[in-house]
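Asks: Data file coords34.cif (mmCIF, C-alpha atoms) is appended below.
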data_data
#
loop_
_atom_site.label_atom_id
_atom_site.label_comp_id
_atom_site.auth_asym_id
_atom_site.auth_seq_id
_atom_site.Cartn_x
_atom_site.Cartn_y
_atom_site.Cartn_z
CA MET A 1 -24.74 -21.87 -73.33
CA THR A 2 -22.80 -21.88 -70.06
CA PRO A 3 -24.80 -23.37 -67.18
CA GLU A 4 -25.20 -21.52 -63.90
CA LEU A 5 -23.23 -23.07 -61.05
CA HIS A 6 -26.28 -23.59 -58.86
CA THR A 7 -27.84 -25.73 -61.61
CA ILE A 8 -24.85 -28.10 -61.73
CA PRO A 9 -25.19 -31.29 -59.63
CA GLY A 10 -22.61 -31.27 -56.87
CA HIS A 11 -22.44 -27.47 -56.81
CA ARG A 12 -22.28 -27.46 -53.00
CA ALA A 13 -18.94 -29.30 -53.11
CA VAL A 14 -17.72 -26.78 -55.70
CA GLU A 15 -18.74 -23.81 -53.55
CA THR A 16 -17.08 -25.37 -50.50
CA LEU A 17 -13.79 -25.74 -52.35
CA VAL A 18 -14.11 -22.21 -53.77
CA ALA A 19 -14.45 -20.86 -50.22
CA LYS A 20 -11.45 -22.90 -49.02
CA LEU A 21 -9.29 -21.66 -51.89
CA ARG A 22 -10.22 -18.03 -51.25
CA ARG A 23 -9.48 -18.33 -47.55
CA ARG A 24 -6.19 -20.16 -48.25
CA GLN A 25 -7.41 -23.17 -46.30
CA VAL A 26 -6.13 -25.31 -49.17
CA VAL A 27 -2.48 -24.41 -49.74
CA GLY A 28 0.02 -26.17 -51.97
CA SER A 29 -0.09 -27.45 -55.53
CA ARG A 30 -0.68 -31.10 -54.69
CA GLU A 31 -3.39 -30.44 -52.13
CA ALA A 32 -5.21 -28.09 -54.51
CA ALA A 33 -4.92 -30.62 -57.35
CA LEU A 34 -6.25 -33.46 -55.18
CA GLU A 35 -9.20 -31.41 -53.95
CA THR A 36 -9.99 -30.33 -57.52
CA ALA A 37 -9.93 -33.91 -58.83
CA LEU A 38 -12.19 -35.08 -55.99
CA VAL A 39 -14.72 -32.32 -56.67
CA LEU A 40 -14.69 -33.04 -60.42
CA ARG A 41 -15.28 -36.72 -59.73
CA GLN A 42 -18.28 -35.84 -57.60
CA VAL A 43 -19.63 -33.44 -60.25
CA VAL A 44 -19.24 -35.96 -63.08
CA SER A 45 -20.84 -38.76 -61.05
CA LYS A 46 -23.95 -36.64 -60.40
CA ALA A 47 -24.13 -34.80 -63.73
CA ARG A 48 -26.95 -35.41 -66.20
CA PHE A 49 -25.98 -35.08 -69.84
CA SER A 50 -27.16 -36.51 -73.14
CA ASN A 51 -24.03 -35.71 -75.17
CA ILE A 52 -20.34 -35.19 -74.52
CA GLN A 53 -20.43 -31.45 -75.17
CA GLN A 54 -22.82 -30.89 -72.27
CA LEU A 55 -20.43 -32.67 -69.89
CA ILE A 56 -17.42 -30.72 -71.16
CA THR A 57 -19.33 -27.46 -70.66
CA VAL A 58 -20.12 -28.42 -67.06
CA ILE A 59 -16.49 -29.32 -66.30
CA ARG A 60 -15.27 -26.08 -67.87
CA GLU A 61 -17.65 -23.99 -65.77
CA VAL A 62 -16.58 -25.75 -62.58
CA GLY A 63 -12.93 -25.28 -63.52
CA ARG A 64 -13.47 -21.60 -64.27
CA ARG A 65 -15.01 -20.97 -60.84
CA LEU A 66 -12.22 -22.83 -59.06
CA ALA A 67 -9.46 -21.06 -61.00
CA GLU A 68 -11.00 -17.64 -60.36
CA ALA A 69 -11.21 -18.39 -56.62
CA GLN A 70 -7.40 -18.67 -56.36
CA PRO A 71 -5.53 -17.75 -59.57
CA LYS A 72 -2.17 -18.38 -57.88
CA GLU A 73 -2.87 -22.12 -57.55
CA HIS A 74 -2.04 -23.09 -61.13
CA SER A 75 -2.45 -26.80 -60.40
CA VAL A 76 -6.24 -26.27 -60.24
CA GLY A 77 -6.41 -25.33 -63.91
CA ASN A 78 -3.88 -28.04 -64.79
CA THR A 79 -6.04 -30.70 -63.14
CA VAL A 80 -9.16 -29.49 -64.95
CA ARG A 81 -7.33 -29.66 -68.28
CA ARG A 82 -6.08 -33.15 -67.49
CA VAL A 83 -9.59 -34.35 -66.64
CA LEU A 84 -10.95 -32.79 -69.84
CA HIS A 85 -8.25 -34.57 -71.82
CA ASN A 86 -9.10 -37.92 -70.21
CA VAL A 87 -12.84 -37.38 -70.78
CA ARG A 88 -12.30 -36.71 -74.48
CA GLU A 89 -9.93 -39.65 -74.74
CA GLU A 90 -12.41 -42.08 -73.19
CA TYR A 91 -15.22 -40.73 -75.34
CA ASN A 92 -13.20 -41.04 -78.53
CA SER A 93 -12.09 -44.57 -77.72
CA ALA A 94 -15.66 -45.54 -76.86
CA THR A 95 -17.19 -44.17 -80.06
CA LYS A 96 -14.42 -45.02 -82.52
CA GLY A 97 -13.39 -48.25 -80.87
CA SER A 98 -16.71 -49.93 -81.58
CA ALA A 99 -16.45 -49.27 -85.30
CA ALA A 100 -12.92 -50.65 -85.40
CA ALA A 101 -13.89 -53.74 -83.43
CA SER A 102 -16.92 -54.49 -85.59
CA ARG A 103 -14.83 -54.74 -88.76
CA ASN A 104 -12.95 -57.80 -87.37
CA VAL A 105 -9.85 -57.12 -89.42
CA TYR A 106 -7.37 -59.95 -88.83
CA SER A 107 -3.66 -59.91 -89.59
CA ILE A 108 -0.58 -61.90 -88.68
CA SER A 109 0.68 -59.12 -86.39
CA LYS A 110 -2.64 -58.97 -84.54
CA PHE A 111 -2.69 -62.75 -84.22
CA VAL A 112 0.79 -62.72 -82.66
CA LEU A 113 -0.05 -59.88 -80.28
CA GLN A 114 -3.51 -61.05 -79.23
CA GLY A 115 -2.98 -64.79 -79.07
CA GLN A 116 -5.62 -67.31 -80.00
CA PRO A 117 -8.64 -66.25 -82.12
CA ARG A 118 -10.94 -67.34 -79.29
CA LYS A 119 -9.44 -64.73 -76.98
CA HIS A 120 -9.70 -62.14 -79.73
CA THR A 121 -13.38 -62.86 -80.17
CA ALA A 122 -13.98 -62.59 -76.45
CA ASN A 123 -12.21 -59.25 -76.28
CA ALA A 124 -14.17 -57.96 -79.25
CA ALA A 125 -17.44 -59.08 -77.71
CA LYS A 126 -16.51 -57.41 -74.43
CA SER A 127 -15.62 -54.21 -76.28
CA ASP A 128 -18.91 -54.26 -78.19
CA ALA A 129 -20.83 -54.83 -74.97
CA ARG A 130 -19.13 -51.92 -73.30
CA ILE A 131 -19.61 -49.45 -76.14
CA THR A 132 -23.34 -48.74 -76.42
CA LEU A 133 -23.45 -44.98 -76.74
CA LYS A 134 -26.30 -43.05 -78.25
CA GLU A 135 -26.18 -39.29 -77.92
CA ASN A 136 -29.30 -37.12 -77.61
CA ASP A 137 -31.62 -40.11 -77.20
CA ALA A 138 -35.14 -38.68 -76.98
CA ASP A 139 -36.60 -41.88 -75.52
CA ASP A 140 -33.99 -42.22 -72.76
CA PRO A 141 -31.94 -39.00 -72.30
CA ASP A 142 -29.89 -40.52 -69.46
CA SER A 143 -28.75 -43.59 -71.40
CA PHE A 144 -25.65 -41.83 -72.73
CA ALA A 145 -24.55 -40.76 -69.25
CA ARG A 146 -25.20 -44.21 -67.76
CA ALA A 147 -23.06 -45.89 -70.39
CA LEU A 148 -20.16 -43.43 -70.23
CA LYS A 149 -19.91 -42.64 -66.52
CA PRO A 150 -18.12 -45.87 -65.46
CA VAL A 151 -15.18 -45.25 -67.78
CA LEU A 152 -15.12 -41.56 -66.85
CA MET A 153 -14.84 -42.48 -63.18
CA GLU A 154 -11.88 -44.69 -64.02
CA ALA A 155 -10.27 -41.86 -66.00
CA ILE A 156 -10.58 -39.43 -63.08
CA GLN A 157 -9.30 -42.11 -60.71
CA ASP A 158 -6.17 -42.36 -62.87
CA VAL A 159 -5.55 -38.65 -62.21
CA LEU A 160 -6.02 -39.19 -58.46
CA ASP A 161 -3.68 -42.19 -58.46
CA GLU A 162 -1.00 -40.18 -60.22
CA LEU A 163 -1.28 -37.39 -57.65
CA GLU A 164 -1.14 -39.79 -54.73
CA THR A 165 1.99 -41.55 -56.00
CA VAL A 166 3.81 -38.51 -57.36
CA TYR A 167 6.38 -38.38 -54.53
CA ASP A 168 7.44 -42.00 -55.07
CA ASN A 169 7.60 -41.63 -58.84
CA VAL A 170 9.72 -38.48 -58.71
CA SER A 171 12.17 -39.93 -56.18
CA LYS A 172 12.55 -43.42 -57.69
CA ASN A 173 15.74 -42.42 -59.56
CA ALA A 174 17.17 -40.16 -56.86
CA LYS A 175 20.28 -42.31 -56.43
CA ASP A 176 21.25 -41.52 -60.04
CA HIS A 177 21.31 -37.78 -59.36
CA ILE A 178 22.93 -37.66 -55.91
CA HIS A 179 26.36 -39.22 -55.32
CA SER A 180 28.27 -40.09 -52.19
CA ASP A 181 30.02 -37.32 -50.24
CA GLU A 182 28.16 -34.58 -52.11
CA ILE A 183 26.95 -31.42 -50.41
CA ILE A 184 23.38 -30.53 -51.37
CA LEU A 185 21.72 -27.17 -50.76
CA THR A 186 17.95 -26.82 -50.56
CA ILE A 187 15.57 -24.15 -49.34
CA GLY A 188 12.15 -24.30 -47.72
CA HIS A 189 10.15 -27.46 -47.08
CA SER A 190 9.07 -29.08 -50.32
CA LYS A 191 7.61 -32.54 -49.74
CA THR A 192 8.75 -33.59 -53.20
CA VAL A 193 12.35 -32.59 -52.43
CA GLU A 194 12.09 -34.22 -49.01
CA ALA A 195 11.01 -37.55 -50.53
CA PHE A 196 13.74 -37.20 -53.18
CA LEU A 197 16.49 -36.66 -50.60
CA LYS A 198 15.23 -39.43 -48.31
CA SER A 199 15.13 -41.87 -51.21
CA ALA A 200 18.74 -41.08 -52.12
CA GLY A 201 19.69 -41.44 -48.45
CA HIS A 202 19.05 -45.19 -48.66
CA TYR A 203 21.90 -45.58 -51.16
CA ARG A 204 24.27 -42.62 -50.63
CA ASN A 205 25.99 -40.85 -47.74
CA TYR A 206 25.84 -37.12 -48.35
CA THR A 207 25.27 -33.83 -46.56
CA VAL A 208 22.31 -31.47 -46.91
CA ILE A 209 22.45 -27.77 -46.11
CA VAL A 210 18.97 -26.32 -45.55
CA ALA A 211 18.36 -22.57 -45.67
CA GLU A 212 15.89 -21.59 -42.97
CA THR A 213 13.70 -19.59 -45.40
CA ALA A 214 12.77 -16.55 -43.33
CA PRO A 215 10.25 -15.28 -42.42
CA SER A 216 8.24 -18.51 -42.76
CA TYR A 217 11.16 -20.60 -41.43
CA GLN A 218 9.96 -23.68 -43.29
CA GLY A 219 13.55 -24.84 -43.49
CA HIS A 220 13.46 -25.74 -39.80
CA GLU A 221 10.85 -28.41 -40.43
CA MET A 222 12.77 -29.74 -43.43
CA ALA A 223 15.99 -29.97 -41.43
CA ARG A 224 14.28 -31.82 -38.58
CA SER A 225 12.69 -34.30 -40.99
CA LEU A 226 15.92 -35.06 -42.85
CA SER A 227 17.93 -35.33 -39.65
CA ALA A 228 15.40 -37.77 -38.21
CA SER A 229 15.94 -39.97 -41.28
CA GLY A 230 19.66 -40.22 -40.59
CA ILE A 231 20.82 -37.70 -43.21
CA SER A 232 23.63 -35.34 -42.21
CA THR A 233 21.86 -31.96 -42.15
CA PHE A 234 22.92 -28.39 -41.40
CA LEU A 235 20.55 -25.44 -40.96
CA VAL A 236 21.89 -22.06 -42.07
CA PRO A 237 20.40 -18.55 -42.33
CA ASP A 238 19.44 -17.28 -45.77
CA SER A 239 22.19 -14.67 -45.66
CA SER A 240 24.82 -17.44 -45.74
CA ILE A 241 23.70 -18.96 -49.05
CA PHE A 242 26.16 -17.09 -51.24
CA ALA A 243 29.05 -17.58 -48.82
CA ILE A 244 28.70 -21.37 -48.69
CA MET A 245 27.79 -21.88 -52.35
CA SER A 246 31.44 -22.52 -53.29
CA ARG A 247 31.32 -25.72 -51.22
CA VAL A 248 27.99 -26.91 -52.61
CA ASN A 249 27.89 -29.57 -55.35
CA LYS A 250 24.23 -29.27 -56.26
CA VAL A 251 21.17 -27.12 -55.49
CA ILE A 252 17.83 -28.93 -55.33
CA LEU A 253 14.65 -26.83 -55.32
CA GLY A 254 10.95 -27.51 -55.21
CA ALA A 255 8.42 -25.74 -57.41
CA HIS A 256 4.96 -24.30 -56.97
CA ALA A 257 4.34 -24.14 -60.72
CA ILE A 258 6.44 -24.70 -63.84
CA LEU A 259 5.69 -22.39 -66.75
CA ALA A 260 5.85 -23.29 -70.42
CA ASN A 261 8.98 -21.19 -70.96
CA GLY A 262 10.93 -23.32 -68.47
CA GLY A 263 10.69 -20.82 -65.61
CA LEU A 264 9.06 -21.63 -62.31
CA PHE A 265 7.44 -20.17 -59.24
CA ALA A 266 9.11 -21.39 -56.05
CA ILE A 267 9.24 -20.45 -52.39
CA SER A 268 10.71 -17.05 -51.64
CA GLY A 269 14.49 -17.31 -51.47
CA SER A 270 14.78 -19.74 -54.38
CA LEU A 271 15.84 -16.94 -56.71
CA LEU A 272 18.64 -16.04 -54.30
CA ALA A 273 19.86 -19.64 -54.21
CA ALA A 274 19.60 -20.10 -57.99
CA THR A 275 21.42 -16.84 -58.71
CA ALA A 276 24.22 -17.72 -56.29
CA ALA A 277 24.49 -21.16 -57.89
CA ARG A 278 24.76 -19.57 -61.33
CA ALA A 279 27.62 -17.34 -60.11
CA HIS A 280 29.50 -20.41 -58.85
CA SER A 281 28.56 -22.68 -61.82
CA THR A 282 26.67 -25.02 -59.48
CA PRO A 283 23.95 -27.12 -61.13
CA VAL A 284 20.36 -26.38 -60.12
CA VAL A 285 17.88 -29.27 -60.07
CA VAL A 286 14.12 -28.80 -59.67
CA CYS A 287 11.98 -31.69 -58.39
CA ALA A 288 8.27 -31.42 -59.19
CA GLY A 289 5.33 -33.55 -60.27
CA GLN A 290 4.22 -33.23 -63.85
CA PHE A 291 0.85 -31.90 -62.70
CA LYS A 292 2.66 -28.62 -61.94
CA LEU A 293 3.47 -28.04 -65.62
CA THR A 294 1.20 -25.21 -66.69
CA PRO A 295 0.67 -23.82 -70.22
CA LEU A 296 0.94 -20.25 -68.93
CA TRP A 297 3.91 -18.06 -69.79
CA ASN A 298 5.37 -15.30 -67.63
CA LEU A 299 4.00 -12.55 -69.83
CA TYR A 300 4.04 -9.90 -67.12
CA HIS A 301 6.62 -8.26 -64.95
CA GLU A 302 8.58 -10.76 -62.87
CA HIS A 303 6.72 -9.64 -59.75
CA GLY A 304 3.31 -9.47 -61.41
CA ALA A 305 2.36 -13.10 -60.89
CA LEU A 306 3.68 -13.44 -57.35
CA ASP A 307 1.67 -14.02 -54.22
CA PHE A 308 2.23 -11.99 -51.08
CA ALA A 309 2.13 -13.21 -47.49
CA ASP A 310 1.34 -11.36 -44.27
CA PRO A 311 3.82 -8.45 -43.85
CA SER A 312 3.51 -8.55 -40.06
CA SER A 313 5.85 -11.57 -40.01
CA VAL A 314 8.58 -9.28 -41.40
CA LEU A 315 7.79 -6.10 -39.51
CA GLY A 316 5.25 -6.32 -36.70
CA PHE A 317 2.98 -3.54 -35.49
CA GLU A 318 4.87 -3.46 -32.21
CA GLU A 319 7.61 -1.54 -34.05
CA GLY A 320 5.41 1.54 -33.65
CA LYS A 321 6.52 4.59 -35.61
CA LEU A 322 8.64 2.56 -38.04
CA VAL A 323 5.55 0.80 -39.42
CA GLU A 324 4.00 4.12 -40.41
CA ARG A 325 7.06 5.18 -42.41
CA VAL A 326 7.75 2.12 -44.54
CA ASP A 327 5.88 -0.17 -46.91
CA VAL A 328 6.59 -3.85 -46.20
CA VAL A 329 6.38 -6.40 -49.02
CA ASN A 330 6.58 -10.09 -48.14
CA PRO A 331 6.54 -12.12 -51.40
CA TYR A 332 5.58 -15.74 -50.93
CA TYR A 333 7.01 -16.94 -54.25
CA ASP A 334 9.99 -16.10 -56.40
CA TYR A 335 10.05 -16.32 -60.17
CA VAL A 336 13.13 -18.29 -61.24
CA GLY A 337 13.95 -17.91 -64.92
CA PRO A 338 14.77 -20.89 -67.16
CA GLU A 339 18.36 -19.69 -67.59
CA LEU A 340 18.98 -20.45 -63.89
CA VAL A 341 17.75 -24.08 -64.02
CA ASP A 342 19.67 -27.06 -65.38
CA VAL A 343 17.11 -29.87 -65.24
CA PHE A 344 13.57 -30.66 -64.09
CA ILE A 345 13.01 -34.07 -62.48
CA THR A 346 9.36 -35.14 -62.77
CA ASN A 347 7.40 -38.34 -62.39
CA ASP A 348 7.65 -38.70 -66.18
CA GLY A 349 11.41 -38.38 -66.46
CA ASP A 350 14.02 -35.64 -66.61
CA HIS A 351 13.57 -32.58 -68.83
CA PRO A 352 15.80 -29.57 -69.55
CA PRO A 353 14.07 -26.17 -69.31
CA SER A 354 14.29 -25.69 -73.08
CA SER A 355 12.02 -28.69 -73.72
CA VAL A 356 9.33 -28.03 -71.10
CA TYR A 357 7.09 -26.42 -73.73
CA ARG A 358 6.92 -29.79 -75.50
CA TYR A 359 4.95 -31.24 -72.60
CA VAL A 360 2.46 -28.42 -72.07
CA PRO A 361 -0.15 -28.07 -73.33
CA PHE A 362 0.44 -30.66 -76.06
CA ALA A 363 0.60 -34.46 -76.05
CA PRO A 364 0.44 -36.49 -74.04
CA LEU A 365 -0.58 -34.45 -71.01
CA TYR A 366 -2.99 -31.78 -72.18
CA MET A 367 -5.18 -31.03 -75.15
CA PRO A 368 -4.76 -27.70 -76.99
CA ASP A 369 -8.03 -26.46 -75.57
CA PRO A 370 -9.09 -23.17 -73.95
CA CYS A 371 -8.02 -23.15 -70.34
CA ALA A 372 -10.62 -23.72 -67.71
CA ASP A 373 -9.89 -20.34 -66.18
CA GLY A 374 -10.72 -18.53 -69.41
CA ARG A 375 -7.21 -18.06 -70.78
CA GLY A 376 -5.81 -19.81 -73.80
CA THR A 377 -3.15 -22.48 -73.72
CA SER A 378 -1.05 -21.04 -76.50
#
Have the structure of the file written as structure tokens, please.
Replies:
Amino acid sequence: MTPELHTIPGHRAVETLVAKLRRRQVVGSREAALETALVLRQVVSKARFSNIQQLITVIREVGRRLAEAQPKEHSVGNTVRRVLHNVREEYNSATKGSAAASRNVYSISKFVLQGQPRKHTANAAKSDARITLKENDADDPDSFARALKPVLMEAIQDVLDELETVYDNVSKNAKDHIHSDEIILTIGHSKTVEAFLKSAGHYRNYTVIVAETAPSYQGHEMARSLSASGISTFLVPDSSIFAIMSRVNKVILGAHAILANGGLFAISGSLLAATAARAHSTPVVVCAGQFKLTPLWNLYHEHGALDFADPSSVLGFEEGKLVERVDVVNPYYDYVGPELVDVFITNDGDHPPSSVYRYVPFAPLYMPDPCADGRGTS
């Protein structure tokens, strides 16, 4: 039975985040993922449950509400799946680990790995002391939650730590992908790409061409940031992308979400840059944290899953009669197909688009479990 949201401890924090997502006060994959993990940590810390299935049901309901509030923020569902995976993993290790430790099976390999028998005994005793789980205890219904919550808090903290260090982990090998005297083209202002380029700037001298990304003009902020870090930077209008592509050595893009088929949603204009790069046989590199890998496939029309921004930034009401005669569409994201991408650089290594499906929703990142937003992960 699915619990009502108002009966879940910490529901006020959930409703607050739901309102922020609907009003677009939380924008961006990383910010949405961080807020989701913080809310789930608060819910788990206050939840009362006597077995693991009750806790999983609560987390699923919270994840469903958050995903429905803003379906375009795929990192919300990804974070919920990751937390569910960690919860199951901690529960399985807690319940099955005690039985394995109690058998005290010794071997030469274990002796070599674990050291002296005295240390082994101490570790076994510590493990036995930690694992005291009894589900559906009629005498003390809260005993199961009290015993399991400490390790669950650590598991959720692992997710938060990964999100907080994702920029550093993605950019740690930047010098291996960018070489001296190269000309790099990027579009928009992706913080992951910014960290990647700045990291390579410590080892290589290269030039970055930034497309201004109208009508949001996020490229202006990216160009200022890179120039302030001592990187040779040029700002160009979007209409010049195809003309200058013959001089570009590499295109580096950010991603809003990476789908299981190897395609991605990226800032509007990314499809233009990727298509121009394909025409000139220029490699396209996508920098993104692994939390953006989503088990969803682009099953609809290429424009069906896009988000749309305010059309007044393209054609304002001051245009008068022209506004009444035209329909203005201002897509916020482009769908870039897997055939236009050469490699994904994540905090867990480099992956070609053809192998992305191996990492979502299967091991080690996600469990093959119904998505928190009600859709399957197949």
Asks: Expressed in Å to a single decimal, how great is the separation between CA of His256 (chain A) and CA of Gly289 (chain A)?
Replies: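 So the two atoms, CA of His256 (chain A) and CA of Gly289 (chain A), lie 9.8 Å apart.
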Asks: Determine, counting all atoms listed in the file, every residue of protein, DNA or RNA that lies within 10 Å of (4.3, -3.9, -49.7) in the file coordinates, then give the result as a list in words.
Replies: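 The residues that fall inside the cut-off are Phe308, Ala309, Asp310, Pro311, Val326, Asp327, Val328, Val329, Asn330 and Pro331 of chain A.
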Asks: Restricted to C-alpha atoms, what would the selected residues look like written as a short mmCIF file (atom, residue, chain, number, x, y, z; two decimals), in the frame of the given file?
Replies:
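The file below, again.cif, is the result:
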data_model
loop_
_atom_site.label_atom_id
_atom_site.label_comp_id
_atom_site.auth_asym_id
_atom_site.auth_seq_id
_atom_site.Cartn_x
_atom_site.Cartn_y
_atom_site.Cartn_z
CA PHE A 308 2.23 -11.99 -51.08
CA ALA A 309 2.13 -13.21 -47.49
CA ASP A 310 1.34 -11.36 -44.27
CA PRO A 311 3.82 -8.45 -43.85
CA VAL A 326 7.75 2.12 -44.54
CA ASP A 327 5.88 -0.17 -46.91
CA VAL A 328 6.59 -3.85 -46.20
CA VAL A 329 6.38 -6.40 -49.02
CA ASN A 330 6.58 -10.09 -48.14
CA PRO A 331 6.54 -12.12 -51.40
#
Asks: Please indicate the distance in Å from CA of Asn92 (chain A) to CA of Glu154 (chain A), rounded to one decimal place.
Replies: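 Separation of CA of Asn92 (chain A) and CA of Glu154 (chain A): 15.0 Å.
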Asks: What does the PyMOL selection byres ((chain A and resi 248-253) around 6) select in this file, as a list in words?
Replies: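 With the shown file as input, the PyMOL selection byres ((chain A and resi 248-253) around 6) matches Glu182, Ile183, Ile184, Leu185, Thr186, Met245, Ser246, Arg247, Gly254, Thr282, Pro283, Val284, Val285 and Val286 of chain A.
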Asks: Just give me the gap between CA of Val43 (chain A) and CA of Val62 (chain A) in Å, one decimal is fine.
Replies: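 So the two atoms, CA of Val43 (chain A) and CA of Val62 (chain A), lie 8.6 Å apart.
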Asks: Under the PyMOL selection byres ((chain A and resi 238) around 9), which residues of this model are included? Write them out as number ranges by chain.
Replies: A: 187, 211-214, 236-237, 239-242, 269, 272-273
Asks: Tell me which of A:Ile56, A:Ala200, A:Ala33, A:Leu66 sits closest to His11 (chain A), counting only C-alpha atoms.
Replies: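 Once distances to His11 (chain A) are computed over only C-alpha atoms, the minimum belongs to A:Leu66.
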Asks: Identify all residues satisfying the PyMOL selection byres ((chain A and resi 334-342) around 9) in the given file; provide them as a ChimeraX atom specification.
Replies: /A:261-272,274-275,277-278,283-286,298,302-303,305-307,331-333,343-344,351-354
Asks: Closest to Ile178 (chain A) among A:Thr36, A:Ser227, A:Asn205, A:Ser232, using all atoms listed in the file?
Replies: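 With all atoms listed in the file as the atom set, the closest residue is A:Asn205.
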Asks: Find the residues with any atom within 6 Å of (-22.6, -33.5, -62.4); use all atoms listed in the file and the coordinates as given in the file, and write the answer as a list of chain:residue names.
Replies: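 The distance filter leaves exactly A:Ile8, A:Pro9, A:Gly10, A:Val43, A:Val44, A:Ser45, A:Lys46, A:Ala47.
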Asks: The centre and edge lengths of an axis-aligned box containing all atoms of region 321-339 of chain A present in the file, extended by 3 Å on each side, are to be given in Å to one decimal, as AutoDock Vina command-line options.
Replies:
--center_x 11.2 --center_y -7.9 --center_z -51.6 --size_x 20.4 --size_y 32.1 --size_z 38.0
Asks: Looking at A:His179, A:Lys96, A:Arg22, A:Arg48, which one is nearest to His202 (chain A), with distances taken over all atoms listed in the file?
Replies: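 The closest residue to His202 (chain A) is A:His179.
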Asks: With a distance cut-off of 10 Å and all atoms listed in the file, select the neighbouring residues of Arg24 (chain A), excluding the residue or stretch itself and same-chain residues fewer than 4 positions from it, and output the selection as a count of residues only.
Replies: 6
Asks: Excluding Ala155 (chain A) and any residue of its chain fewer than 6 positions from it, enumerate the residues within 12 Å of it, using all atoms listed in the file, and give them as an mmCIF file with C-alpha atoms, in the frame of the given file.
Replies:
data_model
loop_
_atom_site.group_PDB
_atom_site.id
_atom_site.type_symbol
_atom_site.label_atom_id
_atom_site.label_comp_id
_atom_site.auth_asym_id
_atom_site.auth_seq_id
_atom_site.Cartn_x
_atom_site.Cartn_y
_atom_site.Cartn_z
ATOM 1 C CA ALA A 37 -9.930 -33.910 -58.830
ATOM 2 C CA LEU A 40 -14.690 -33.040 -60.420
ATOM 3 C CA ARG A 41 -15.280 -36.720 -59.730
ATOM 4 C CA VAL A 44 -19.240 -35.960 -63.080
ATOM 5 C CA ARG A 82 -6.080 -33.150 -67.490
ATOM 6 C CA VAL A 83 -9.590 -34.350 -66.640
ATOM 7 C CA LEU A 84 -10.950 -32.790 -69.840
ATOM 8 C CA HIS A 85 -8.250 -34.570 -71.820
ATOM 9 C CA ASN A 86 -9.100 -37.920 -70.210
ATOM 10 C CA VAL A 87 -12.840 -37.380 -70.780
ATOM 11 C CA ARG A 88 -12.300 -36.710 -74.480
ATOM 12 C CA GLU A 89 -9.930 -39.650 -74.740
ATOM 13 C CA GLU A 90 -12.410 -42.080 -73.190
ATOM 14 C CA TYR A 91 -15.220 -40.730 -75.340
ATOM 15 C CA LEU A 148 -20.160 -43.430 -70.230
ATOM 16 C CA LYS A 149 -19.910 -42.640 -66.520
ATOM 17 C CA ASP A 161 -3.680 -42.190 -58.460
ATOM 18 C CA GLU A 162 -1.000 -40.180 -60.220
#
Asks: So that I can see what lies close to Ala228 (chain A), please list as a CSV table (one decimal) with C-alpha atoms, in the frame of the given file the residues with an atom at most 12 Å from it, counting all atoms listed in the file and leaving out residues fewer than 6 positions away in the same chain.
Replies:
chain,number,residue,atom,x,y,z
A,194,GLU,CA,12.1,-34.2,-49.0
A,198,LYS,CA,15.2,-39.4,-48.3
A,201,GLY,CA,19.7,-41.4,-48.4
A,221,GLU,CA,10.8,-28.4,-40.4
A,222,MET,CA,12.8,-29.7,-43.4
